[in-house]
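Data file: structure.txt. Format and content: compact mmCIF, C-alpha atoms (C1' of nucleotides).
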# COMPACT_ATOMS: atom_id res chain seq x y z
CA MET E 1 66.09 85.09 98.70
CA ASN E 2 62.73 86.43 99.79
CA LEU E 3 62.99 88.69 102.80
CA PRO E 4 61.50 91.99 103.92
CA PRO E 5 63.45 94.72 102.10
CA LEU E 6 65.06 96.14 105.23
CA VAL E 7 66.30 92.75 106.30
CA GLN E 8 67.43 91.91 102.81
CA SER E 9 69.56 95.05 102.52
CA PHE E 10 71.16 94.31 105.86
CA VAL E 11 71.86 90.70 104.99
CA LEU E 12 73.30 91.59 101.59
CA HIS E 13 75.54 94.22 103.11
CA PHE E 14 76.96 91.74 105.61
CA GLY E 15 77.55 89.34 102.78
CA GLU E 16 79.54 91.93 100.88
CA MET E 17 81.53 93.06 103.91
CA GLY E 18 82.28 89.46 104.83
CA SER E 19 85.44 89.28 102.78
CA ARG E 20 86.83 92.40 104.44
CA TRP E 21 86.11 90.93 107.83
CA GLY E 22 87.74 87.61 107.07
CA ILE E 23 84.59 85.53 106.70
CA ASN E 24 82.88 84.48 103.50
CA ARG E 25 79.70 85.81 101.99
CA THR E 26 77.39 83.07 103.20
CA VAL E 27 78.75 83.21 106.73
CA GLY E 28 78.20 86.97 106.80
CA GLN E 29 74.67 86.59 105.55
CA ILE E 30 73.78 83.86 108.00
CA TYR E 31 75.04 85.97 110.85
CA ALA E 32 73.13 89.04 109.72
CA LEU E 33 69.95 87.05 109.30
CA LEU E 34 70.17 85.52 112.76
CA TYR E 35 71.09 88.85 114.26
CA VAL E 36 67.89 90.55 113.15
CA SER E 37 65.60 87.56 113.43
CA PRO E 38 63.03 87.84 116.21
CA ARG E 39 63.33 84.12 116.96
CA PRO E 40 65.93 81.37 116.58
CA LEU E 41 66.09 79.82 113.13
CA CYS E 42 66.89 76.31 112.03
CA ALA E 43 69.18 75.43 109.15
CA ASP E 44 66.29 74.98 106.73
CA ASP E 45 64.85 78.39 107.58
CA ILE E 46 68.21 79.82 106.63
CA VAL E 47 68.32 77.83 103.39
CA ASP E 48 64.93 79.26 102.46
CA ALA E 49 65.79 82.79 103.49
CA LEU E 50 69.14 82.99 101.72
CA GLY E 51 68.72 80.57 98.85
CA VAL E 52 72.01 78.76 99.34
CA SER E 53 72.61 75.05 99.66
CA ARG E 54 71.87 73.15 102.79
CA SER E 55 75.47 72.02 103.19
CA ASN E 56 76.76 75.53 102.82
CA VAL E 57 74.51 76.61 105.68
CA SER E 58 75.76 73.72 107.75
CA MET E 59 79.35 74.80 107.24
CA GLY E 60 78.54 78.42 107.87
CA LEU E 61 76.83 77.64 111.17
CA ARG E 62 79.79 75.53 112.12
CA GLU E 63 82.16 78.40 111.54
CA LEU E 64 79.98 80.91 113.37
CA GLN E 65 79.79 78.59 116.33
CA ALA E 66 83.56 78.28 116.31
CA TRP E 67 83.67 82.06 116.48
CA ASN E 68 81.18 81.99 119.37
CA LEU E 69 79.03 84.39 117.41
CA VAL E 70 76.10 82.03 117.08
CA LEU E 71 74.57 79.76 119.68
CA PRO E 72 72.40 76.69 119.30
CA LYS E 73 69.10 77.17 121.08
CA HIS E 74 66.77 74.32 121.60
CA ILE E 75 63.15 74.83 120.68
CA PRO E 76 60.76 72.54 122.62
CA ASP E 77 59.02 69.91 120.53
CA ASP E 78 61.29 70.38 117.55
CA ARG E 79 64.05 67.95 116.79
CA ARG E 80 65.92 70.38 114.62
CA ASP E 81 68.63 72.60 116.10
CA HIS E 82 67.85 76.29 116.11
CA PHE E 83 70.34 79.14 116.28
CA THR E 84 70.55 82.69 117.55
CA THR E 85 73.15 85.36 118.11
CA PRO E 86 73.83 86.47 121.68
CA ASP E 87 71.49 89.41 122.00
CA ASP E 88 73.62 91.78 124.01
CA VAL E 89 75.66 93.73 121.50
CA TRP E 90 78.37 94.35 124.09
CA GLN E 91 78.73 90.65 124.49
CA ILE E 92 79.10 90.36 120.73
CA LEU E 93 81.80 93.00 120.77
CA ARG E 94 83.70 91.11 123.45
CA VAL E 95 83.49 87.86 121.56
CA LEU E 96 84.64 89.53 118.37
CA ALA E 97 87.58 91.22 120.03
CA GLU E 98 88.62 88.00 121.72
CA GLU E 99 88.46 85.93 118.58
CA ARG E 100 90.26 88.43 116.42
CA LYS E 101 93.00 88.76 118.96
CA LYS E 102 93.35 85.00 119.11
CA ARG E 103 93.59 84.67 115.35
CA GLU E 104 95.28 87.85 114.23
CA VAL E 105 97.52 88.94 117.07
CA ASP E 106 98.54 86.08 119.32
CA PRO E 107 100.38 84.06 116.67
CA THR E 108 102.48 87.07 115.74
CA LEU E 109 103.21 87.85 119.35
CA SER E 110 104.53 84.37 119.89
CA VAL E 111 106.65 84.40 116.74
CA LEU E 112 108.11 87.74 117.80
CA ARG E 113 108.96 86.44 121.25
CA GLU E 114 110.68 83.46 119.72
CA LEU E 115 112.70 85.53 117.28
CA LEU E 116 113.72 87.93 120.02
CA MET E 117 115.27 85.05 121.98
CA GLN E 118 117.72 84.31 119.19
CA THR E 119 121.16 85.82 118.97
CA PRO E 120 121.62 88.03 115.93
CA GLY E 121 124.44 86.89 113.67
CA SER E 122 125.10 90.14 111.83
CA GLU E 123 124.57 93.84 112.00
CA GLU E 124 121.56 93.47 109.71
CA GLU E 125 120.01 90.90 112.02
CA ARG E 126 120.75 93.07 115.02
CA HIS E 127 118.83 95.91 113.43
CA ALA E 128 115.96 93.64 112.39
CA GLN E 129 115.72 92.36 115.93
CA ALA E 130 115.60 95.86 117.34
CA ARG E 131 112.68 96.62 115.03
CA MET E 132 110.94 93.42 116.08
CA ALA E 133 111.45 94.43 119.70
CA GLU E 134 109.68 97.71 119.02
CA MET E 135 106.79 95.91 117.41
CA HIS E 136 106.64 93.40 120.20
CA GLY E 137 106.66 96.14 122.81
CA LEU E 138 103.71 97.87 121.22
CA ILE E 139 101.63 94.74 120.72
CA ASP E 140 102.42 93.65 124.23
CA ARG E 141 101.19 96.92 125.69
CA LEU E 142 98.05 96.81 123.64
CA THR E 143 97.18 93.27 124.58
CA THR E 144 97.90 93.88 128.24
CA TRP E 145 95.60 96.87 128.14
CA TYR E 146 93.00 94.80 126.37
CA GLU E 147 93.22 92.02 128.96
CA ASP E 148 92.62 94.65 131.64
CA VAL E 149 89.75 96.34 129.92
CA LYS E 150 87.88 93.24 128.90
CA ARG E 151 87.35 92.38 132.54
CA LEU E 152 85.35 95.54 133.15
CA GLU E 153 81.62 95.16 133.39
CA THR E 154 79.71 96.64 130.51
CA GLU E 155 78.48 99.57 132.51
CA ARG E 156 81.95 100.74 133.45
CA LEU E 157 83.21 100.14 129.97
CA ALA E 158 80.42 102.28 128.58
CA ALA E 159 81.25 105.03 131.06
CA LEU E 160 84.86 104.91 129.98
CA LEU E 161 83.94 105.09 126.32
CA ALA E 162 81.63 108.01 126.95
CA LEU E 163 84.45 109.81 128.64
CA GLY E 164 86.58 109.50 125.53
CA ALA E 165 89.57 111.74 125.31
CA ARG E 166 88.41 113.59 128.37
CA VAL E 167 90.13 110.88 130.41
CA THR E 168 93.31 112.81 129.88
CA ARG E 169 91.88 115.73 131.79
CA LEU E 170 91.22 113.33 134.60
CA LEU E 171 94.80 112.17 134.32
CA GLU E 172 96.06 115.72 134.53
CA ALA E 173 93.92 116.34 137.57
CA LYS E 174 95.32 113.22 139.19
CA ASP E 175 98.89 114.31 138.48
CA LYS E 176 98.17 117.63 140.07
CA VAL E 177 96.68 116.09 143.20
CA VAL E 178 99.52 113.63 143.49
CA GLY E 179 101.93 116.52 143.02
CA LEU E 180 100.25 118.47 145.80
CA VAL E 181 100.34 115.56 148.18
CA ARG E 182 103.99 114.91 147.42
CA GLY E 183 104.75 118.58 147.88
CA ARG E 184 103.12 118.61 151.29
CA LYS E 185 104.94 115.50 152.42
CA GLU E 186 108.29 116.82 151.27
CA SER E 187 107.98 120.20 152.87
CA MET S 1 114.64 84.00 98.89
CA ASN S 2 118.03 84.48 100.50
CA LEU S 3 117.82 86.44 103.71
CA PRO S 4 119.39 86.25 107.16
CA PRO S 5 117.44 83.56 109.06
CA LEU S 6 115.89 85.96 111.57
CA VAL S 7 114.62 88.20 108.83
CA GLN S 8 113.44 85.28 106.76
CA SER S 9 111.34 83.85 109.61
CA PHE S 10 109.78 87.23 110.19
CA VAL S 11 109.03 87.75 106.52
CA LEU S 12 107.54 84.28 106.10
CA HIS S 13 105.37 84.73 109.16
CA PHE S 14 103.94 87.98 107.81
CA GLY S 15 103.31 86.24 104.54
CA GLU S 16 101.31 83.54 106.28
CA MET S 17 99.39 85.96 108.47
CA GLY S 18 98.62 88.15 105.50
CA SER S 19 95.43 86.33 104.60
CA ARG S 20 94.10 86.72 108.15
CA TRP S 21 94.84 90.42 108.02
CA GLY S 22 93.14 90.96 104.68
CA ILE S 23 96.24 91.34 102.56
CA ASN S 24 97.90 88.73 100.39
CA ARG S 25 101.08 86.82 101.02
CA THR S 26 103.35 88.95 98.89
CA VAL S 27 102.03 92.18 100.35
CA GLY S 28 102.63 90.85 103.85
CA GLN S 29 106.16 89.81 102.96
CA ILE S 30 107.03 93.10 101.32
CA TYR S 31 105.82 94.96 104.37
CA ALA S 32 107.77 92.77 106.76
CA LEU S 33 110.92 93.11 104.69
CA LEU S 34 110.71 96.88 104.55
CA TYR S 35 109.86 97.06 108.22
CA VAL S 36 113.08 95.38 109.34
CA SER S 37 115.30 96.71 106.60
CA PRO S 38 117.92 99.19 107.85
CA ARG S 39 117.57 101.27 104.68
CA PRO S 40 114.93 101.95 102.02
CA LEU S 41 114.73 99.31 99.31
CA CYS S 42 113.84 99.59 95.65
CA ALA S 43 111.53 97.24 93.82
CA ASP S 44 114.36 95.15 92.46
CA ASP S 45 115.87 94.67 95.91
CA ILE S 46 112.52 93.27 96.95
CA VAL S 47 112.33 91.00 93.93
CA ASP S 48 115.75 89.59 94.84
CA ALA S 49 114.95 89.26 98.51
CA LEU S 50 111.57 87.55 98.11
CA GLY S 51 111.93 85.76 94.80
CA VAL S 52 108.62 86.92 93.37
CA SER S 53 107.97 88.57 90.04
CA ARG S 54 108.71 92.18 89.40
CA SER S 55 105.08 92.97 88.58
CA ASN S 56 103.86 91.34 91.74
CA VAL S 57 106.15 93.61 93.74
CA SER S 58 104.87 96.59 91.84
CA MET S 59 101.27 95.74 92.71
CA GLY S 60 102.18 95.01 96.31
CA LEU S 61 103.91 98.34 96.77
CA ARG S 62 100.94 100.04 95.20
CA GLU S 63 98.60 98.45 97.72
CA LEU S 64 100.84 99.20 100.67
CA GLN S 65 101.03 102.81 99.61
CA ALA S 66 97.25 102.93 99.39
CA TRP S 67 97.20 101.70 102.98
CA ASN S 68 99.74 104.40 103.90
CA LEU S 69 101.89 101.69 105.39
CA VAL S 70 104.77 102.22 103.01
CA LEU S 71 106.30 105.48 101.84
CA PRO S 72 108.42 106.24 98.79
CA LYS S 73 111.73 107.70 99.84
CA HIS S 74 114.00 109.23 97.29
CA ILE S 75 117.64 108.19 97.37
CA PRO S 76 119.96 110.84 95.87
CA ASP S 77 121.63 109.87 92.60
CA ASP S 78 119.34 106.93 92.02
CA ARG S 79 116.53 107.11 89.54
CA ARG S 80 114.71 104.19 91.07
CA ASP S 81 112.08 104.76 93.73
CA HIS S 82 112.92 103.41 97.15
CA PHE S 83 110.48 102.52 99.90
CA THR S 84 110.35 102.37 103.69
CA THR S 85 107.82 101.93 106.43
CA PRO S 86 107.22 104.85 108.80
CA ASP S 87 109.59 104.06 111.62
CA ASP S 88 107.54 105.07 114.60
CA VAL S 89 105.48 102.03 115.54
CA TRP S 90 102.83 104.23 117.16
CA GLN S 91 102.44 106.00 113.88
CA ILE S 92 102.00 102.64 112.19
CA LEU S 93 99.35 101.72 114.70
CA ARG S 94 97.46 104.92 113.98
CA VAL S 95 97.60 104.39 110.25
CA LEU S 96 96.43 100.83 110.63
CA ALA S 97 93.53 101.75 112.87
CA GLU S 98 92.49 104.52 110.54
CA GLU S 99 92.59 102.39 107.44
CA ARG S 100 90.81 99.46 108.99
CA LYS S 101 88.09 101.72 110.29
CA LYS S 102 87.69 103.26 106.85
CA ARG S 103 87.41 99.89 105.16
CA GLU S 104 85.75 97.68 107.73
CA VAL S 105 83.54 99.94 109.81
CA ASP S 106 82.53 103.10 108.00
CA PRO S 107 80.64 101.40 105.18
CA THR S 108 78.55 99.45 107.66
CA LEU S 109 77.88 102.51 109.73
CA SER S 110 76.54 104.33 106.72
CA VAL S 111 74.38 101.42 105.61
CA LEU S 112 72.96 101.19 109.11
CA ARG S 113 72.16 104.88 109.18
CA GLU S 114 70.40 104.59 105.87
CA LEU S 115 68.34 101.57 106.91
CA LEU S 116 67.38 103.26 110.17
CA MET S 117 65.86 106.15 108.24
CA GLN S 118 63.37 103.88 106.53
CA THR S 119 59.91 103.16 107.87
CA PRO S 120 59.41 99.52 108.83
CA GLY S 121 56.56 97.89 106.95
CA SER S 122 55.88 95.00 109.31
CA GLU S 123 56.44 93.78 112.81
CA GLU S 124 59.39 91.74 111.58
CA GLU S 125 60.97 94.81 110.03
CA ARG S 126 60.33 96.80 113.15
CA HIS S 127 62.22 94.25 115.20
CA ALA S 128 65.04 94.09 112.68
CA GLN S 129 65.34 97.83 112.78
CA ALA S 130 65.51 97.84 116.56
CA ARG S 131 68.39 95.39 116.40
CA MET S 132 70.12 97.52 113.80
CA ALA S 133 69.69 100.51 116.07
CA GLU S 134 71.48 98.64 118.86
CA MET S 135 74.32 97.78 116.55
CA HIS S 136 74.50 101.29 115.25
CA GLY S 137 74.55 102.69 118.76
CA LEU S 138 77.48 100.54 119.73
CA ILE S 139 79.53 101.22 116.63
CA ASP S 140 78.80 104.89 116.92
CA ARG S 141 80.09 105.02 120.47
CA LEU S 142 83.18 103.11 119.57
CA THR S 143 84.03 105.30 116.63
CA THR S 144 83.38 108.47 118.58
CA TRP S 145 85.71 107.22 121.28
CA TYR S 146 88.26 106.33 118.65
CA GLU S 147 88.05 109.78 117.05
CA ASP S 148 88.73 111.25 120.48
CA VAL S 149 91.57 108.99 121.37
CA LYS S 150 93.39 109.20 118.09
CA ARG S 151 93.96 112.88 118.65
CA LEU S 152 95.99 112.26 121.79
CA GLU S 153 99.73 112.58 121.49
CA THR S 154 101.61 109.35 121.72
CA GLU S 155 102.91 110.06 125.17
CA ARG S 156 99.48 110.53 126.68
CA LEU S 157 98.14 107.56 124.84
CA ALA S 158 100.94 105.42 126.23
CA ALA S 159 100.19 106.69 129.73
CA LEU S 160 96.56 105.79 129.29
CA LEU S 161 97.41 102.32 128.06
CA ALA S 162 99.76 101.77 130.95
CA LEU S 163 96.98 102.70 133.30
CA GLY S 164 94.79 99.96 131.87
CA ALA S 165 91.83 98.96 133.92
CA ARG S 166 93.08 101.10 136.78
CA VAL S 167 91.38 104.02 135.05
CA THR S 168 88.21 102.89 136.70
CA ARG S 169 89.74 103.51 140.10
CA LEU S 170 90.49 107.00 138.92
CA LEU S 171 86.89 107.29 137.80
CA GLU S 172 85.67 106.20 141.20
CA ALA S 173 87.95 108.73 142.86
CA LYS S 174 86.59 111.44 140.61
CA ASP S 175 83.01 110.53 141.45
CA LYS S 176 83.86 110.76 145.10
CA VAL S 177 85.49 114.16 144.77
CA VAL S 178 82.61 115.49 142.69
CA GLY S 179 80.23 114.11 145.28
CA LEU S 180 82.10 115.92 148.04
CA VAL S 181 82.14 119.20 146.21
CA ARG S 182 78.43 118.92 145.42
CA GLY S 183 77.71 118.05 149.03
CA ARG S 184 79.57 121.12 150.23
CA LYS S 185 77.81 123.43 147.79
CA GLU S 186 74.40 122.09 148.64
CA SER S 187 74.82 122.38 152.39
C1' DC U 1 112.48 114.50 70.65
C1' DC U 2 115.15 110.13 70.84
C1' DG U 3 116.83 106.32 73.53
C1' DT U 4 117.38 104.01 77.76
C1' DG U 5 115.98 102.19 81.74
C1' DA U 6 112.44 102.17 85.34
C1' DT U 7 107.72 101.20 86.17
C1' DT U 8 102.96 99.83 85.37
C1' DT U 9 99.36 97.39 83.12
C1' DC U 10 97.11 93.42 81.66
C1' DA U 11 95.64 88.84 79.88
C1' DG U 12 95.74 84.58 81.14
C1' DA U 13 97.94 80.65 84.12
C1' DA U 14 98.19 78.85 88.74
C1' DC U 15 96.33 78.54 92.86
C1' DT U 16 92.83 79.09 96.63
C1' DT U 17 88.41 79.43 98.43
C1' DT U 18 83.63 78.67 98.32
C1' DC U 19 79.68 76.17 97.15
C1' DT U 20 76.94 72.23 95.79
C1' DG U 21 74.58 67.66 95.61
C1' DA U 22 75.10 63.04 96.81
C1' DA U 23 76.29 59.89 100.13
C1' DA U 24 77.37 58.88 104.91
C1' DT U 25 76.38 59.53 109.62
C1' DC U 26 73.87 60.58 113.53
C1' DT U 27 69.76 60.46 116.71
C1' DA U 28 65.41 60.08 118.69
C1' DT U 29 61.60 57.59 118.75
C1' DG U 30 58.05 53.60 118.08
C1' DC B 1 66.99 47.98 116.97
C1' DA B 2 64.76 49.70 112.66
C1' DT B 3 63.42 53.74 110.63
C1' DA B 4 62.72 58.40 109.38
C1' DG B 5 64.23 62.70 109.70
C1' DA B 6 68.06 65.82 110.65
C1' DT B 7 72.79 66.88 109.99
C1' DT B 8 77.51 66.50 108.39
C1' DT B 9 81.08 65.23 105.29
C1' DC B 10 83.29 65.28 101.08
C1' DA B 11 84.74 65.24 96.16
C1' DG B 12 84.58 67.93 92.59
C1' DA B 13 82.47 72.19 90.06
C1' DA B 14 82.27 77.13 90.12
C1' DA B 15 83.94 81.40 91.47
C1' DG B 16 87.44 84.34 93.01
C1' DT B 17 92.27 85.74 93.91
C1' DT B 18 97.02 86.10 93.12
C1' DC B 19 100.90 85.77 90.31
C1' DT B 20 103.59 85.99 86.12
C1' DG B 21 105.82 87.47 81.76
C1' DA B 22 105.22 90.25 77.91
C1' DA B 23 104.00 94.50 76.19
C1' DA B 24 102.85 99.30 76.98
C1' DT B 25 103.84 103.50 79.28
C1' DC B 26 106.47 106.84 81.54
C1' DA B 27 110.31 110.08 82.47
C1' DC B 28 114.60 111.80 82.18
C1' DG B 29 119.33 112.92 80.16
C1' DG B 30 121.40 113.88 76.15
Structure translated into structure tokens:
Amino acid sequence: MNLPPLVQSFVLHFGEMGSRWGINRTVGQIYALLYVSPRPLCADDIVDALGVSRSNVSMGLRELQAWNLVLPKHIPDDRRDHFTTPDDVWQILRVLAEERKKREVDPTLSVLRELLMQTPGSEEERHAQARMAEMHGLIDRLTTWYEDVKRLETERLAALLALGARVTRLLEAKDKVVGLVRGRKES
Amino acid sequence: MNLPPLVQSFVLHFGEMGSRWGINRTVGQIYALLYVSPRPLCADDIVDALGVSRSNVSMGLRELQAWNLVLPKHIPDDRRDHFTTPDDVWQILRVLAEERKKREVDPTLSVLRELLMQTPGSEEERHAQARMAEMHGLIDRLTTWYEDVKRLETERLAALLALGARVTRLLEAKDKVVGLVRGRKES
DNA sequence: CCGTGATTTCAGAACTTTCTGAAATCTATG
DNA sequence: CATAGATTTCAGAAAGTTCTGAAATCACGG
């Protein structure tokens, strides 16, 4: 590996974090490299930069494309495929959230739904099912919220984030207004 | 393993999902078992229920305690430690978010901060640093928002979730009201 | 402060994942 | 449609992890 020190640190860090994020070292490094690269890179560029085998890079790119985190980008007059990351970080966030949900949440949601359809055959099963219902309820709320929020344009989403916990004040204000209106109508 | 079928399916599913969630099979199964169990279980109960070695259970419980996902609960007149999961699912969600942030986000945030302090030594490094700044900015916003939101009581949080994307309508309404007030003051 | 039973630690076995180089496959020309 | 370069596949080697049983440690009642 022979990279500018800043880039190298970044790439190595992503490699190390990879396992915590559910991807392997090489995949993490490839992503990091593409993320900071000023231009799309081809597989051989990546081999040179990271010092891993050609086939490993091929597999890594495959996986990153499956995650929609890396896109092929054609470079005119070059037969080789080149790759980049989407450059809008918000877009990256969306992709990441979507993929993680698909892999980490959806399967559990569907298993829970299935188990909740069954009739419990004992007190123990009845209790277990009640617990599963609680879990299902929570996950369901969260995913519904997520489905709502992901449709917002970036600008609105950013505004919402910036607002943070202060949304609740807005909520309170709303309740008050609604209360007032109701009060007037009822009187 | 000899469990009521409903419980068994749930436990096996958590075992399988474990690897996607960054824990191993046994840890996933132990958690699932404790989650649906109507009373705290001791290590030997878990050994019997899951059919894994005593030491494996010991390590699993250790890890789950480190995650704050499992709590020791003393049972009177029994020397053995017993364990449960916190029973409020919202509480579980909070713990999970906190721990994942600590393990998956914070280290990256601090590496990014460090790398952003350095002076780029080339155009390539300058570009890389700009990209890192974008990433840092996004993560920073997200974590700030998270720090805000996690302080909300469960009830408010639930209300906010239920509101979903409709918050934006509230935002629009607010902007309008603020606009009105401003208009009045300025006239 | 000994003995008993609960719990943890740890070295290595079993298993899983990751990585490589060689061979196979694909693809765009001339 | 042959060829040269690019890319992918794949079997097995290397590395990493999870799991076990045996031994060590701990902790409490007598």
Exercise. Tell me the residues of chain S close to chain U, meaning within 9 Å using only C-alpha atoms (C1' of nucleotides), as a PyMOL selection string.
Key: chain S and resi 55+58-59+79-81
Practice problem: Between B:DA6, B:DT17, B:DC1, B:DG12, single out the one closest to chain S, counting only C-alpha atoms (C1' of nucleotides). | Solution: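 Checking each candidate against chain S, we get B:DT17 as the closest.
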Exercise. Do me a favour and pick out the residues of chain B within 10 Å of chain S, using all atoms listed in the file, as JSON, numbers by chain.
Key: {"B": [17, 18, 19, 20, 21, 27, 28]}
Which residues of chain S have any atom within 8 Å of an atom in chain E when counting only C-alpha atoms, and what is the closest pair of atoms for each, with the distance in Å to one decimal? Order the rows by chain and rising number and write it as a tab-separated table.
residue	atom	partner	partner_atom	distance
S:Pro4	CA	E:Glu125	CA	6.8
S:Leu6	CA	E:Glu125	CA	6.4
S:Val7	CA	E:Ala128	CA	6.6
S:Ser9	CA	E:Leu115	CA	8.0
S:Phe10	CA	E:Val111	CA	7.8
S:His13	CA	E:Thr108	CA	7.6
S:Met17	CA	E:Glu104	CA	7.3
S:Arg20	CA	E:Glu104	CA	6.3
S:Trp21	CA	E:Glu104	CA	6.7
S:Gly22	CA	E:Arg20	CA	6.5
S:Tyr35	CA	E:Arg131	CA	7.4
S:Val36	CA	E:Ala128	CA	4.5
S:Ser37	CA	E:Ala128	CA	6.6
S:Pro38	CA	E:His127	CA	6.5
S:Val89	CA	E:Met135	CA	6.5
S:Trp90	CA	E:Leu138	CA	7.6
S:Arg103	CA	E:Arg20	CA	7.5
S:Glu104	CA	E:Arg20	CA	6.3
S:Thr108	CA	E:His13	CA	7.6
S:Val111	CA	E:His13	CA	7.7
S:Leu112	CA	E:Phe10	CA	7.8
S:Leu115	CA	E:Leu6	CA	6.6
S:Pro120	CA	E:Leu6	CA	7.5
S:Glu124	CA	E:Pro38	CA	7.1
S:Glu125	CA	E:Leu6	CA	6.4
S:His127	CA	E:Pro38	CA	6.5
S:Ala128	CA	E:Val36	CA	4.6
S:Gln129	CA	E:Val36	CA	7.7
S:Arg131	CA	E:Val36	CA	5.9
S:Met132	CA	E:Val36	CA	7.3
S:Glu134	CA	E:Val89	CA	7.0
S:Met135	CA	E:Val89	CA	6.5
S:Leu138	CA	E:Val89	CA	7.3
S:Arg141	CA	E:Leu161	CA	7.0
S:Leu142	CA	E:Leu161	CA	7.1
S:Thr144	CA	E:Gly164	CA	7.7
S:Trp145	CA	E:Gly164	CA	4.9
S:Tyr146	CA	E:Gly164	CA	7.8
S:Asp148	CA	E:Ala165	CA	4.9
S:Val149	CA	E:Ala165	CA	5.2
S:Leu152	CA	E:Ala165	CA	7.3
S:Arg156	CA	E:Thr168	CA	7.3
S:Leu160	CA	E:Thr168	CA	7.8
S:Leu161	CA	E:Trp145	CA	5.7
S:Ala162	CA	E:Trp145	CA	7.0
S:Leu163	CA	E:Trp145	CA	7.9
S:Gly164	CA	E:Trp145	CA	4.9
S:Ala165	CA	E:Asp148	CA	4.9
S:Thr168	CA	E:Arg156	CA	7.4
S:Leu170	CA	E:Leu170	CA	7.7
S:Lys174	CA	E:Leu170	CA	7.8
Practice problem: Excluding Leu61 in chain S and residues on its chain fewer than 5 positions from it, collect all residues at most 9 Å away from it, counting all atoms listed in the file, and give them as number ranges by chain. | Solution: S: 27, 30-31, 43, 56, 66, 70, 83
Quiz item: Mind pulling up the distance from CA of Gly15 in chain E to CA of His74 in chain E?
Solution: 26.4 Å
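For Leu71 in chain E, the set of protein, DNA and RNA residues having any atom at most 8 Å away, when counting only C-alpha atoms (C1' of nucleotides) and skipping those fewer than 5 positions along the same chain, is Gln65, Phe83, Thr84, Thr85 and Pro86 of chain E.
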Quiz item: Between E:Met117, E:Val177, E:Val57, E:Leu109, which one has atoms that come closest to DT7 in chain B, using all atoms listed in the file?
Solution: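 Of E:Met117, E:Val177, E:Val57, E:Leu109, the one nearest DT7 in chain B, counting all atoms listed in the file, is E:Val57.
With CA of His82 in chain E on one side and CA of Asn2 in chain E on the other, the separation reads 19.9 Å.
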Quiz item: Hey, can you check how far CA of Asp45 in chain E sits from CA of Gly28 in chain E?
Solution: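 Spanning CA of Asp45 in chain E to CA of Gly28 in chain E is a straight-line distance of 15.9 Å.
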Need to verify the contact set: Met1 in chain E, 9 Å, all atoms listed in the file, exclusion of same-chain residues closer than 3 positions in sequence. Can you return it as a short mmCIF file (atom, residue, chain, number, x, y, z; two decimals) with C-alpha atoms, in the frame of the given file?
data_model
loop_
_atom_site.label_atom_id
_atom_site.label_comp_id
_atom_site.auth_asym_id
_atom_site.auth_seq_id
_atom_site.Cartn_x
_atom_site.Cartn_y
_atom_site.Cartn_z
CA GLN E 8 67.43 91.91 102.81
CA VAL E 47 68.32 77.83 103.39
CA ASP E 48 64.93 79.26 102.46
CA ALA E 49 65.79 82.79 103.49
CA LEU E 50 69.14 82.99 101.72
CA GLY E 51 68.72 80.57 98.85
CA VAL E 52 72.01 78.76 99.34
#
Practice problem: Rank E:Val11, E:Glu16, E:Ile75, E:Trp67 by their smallest atom-to-atom distance to Ile46 in chain E, using only C-alpha atoms, and report the top residue only. | Solution: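 Looking at the shortest contact to Ile46 in chain E, the residue is E:Val11.
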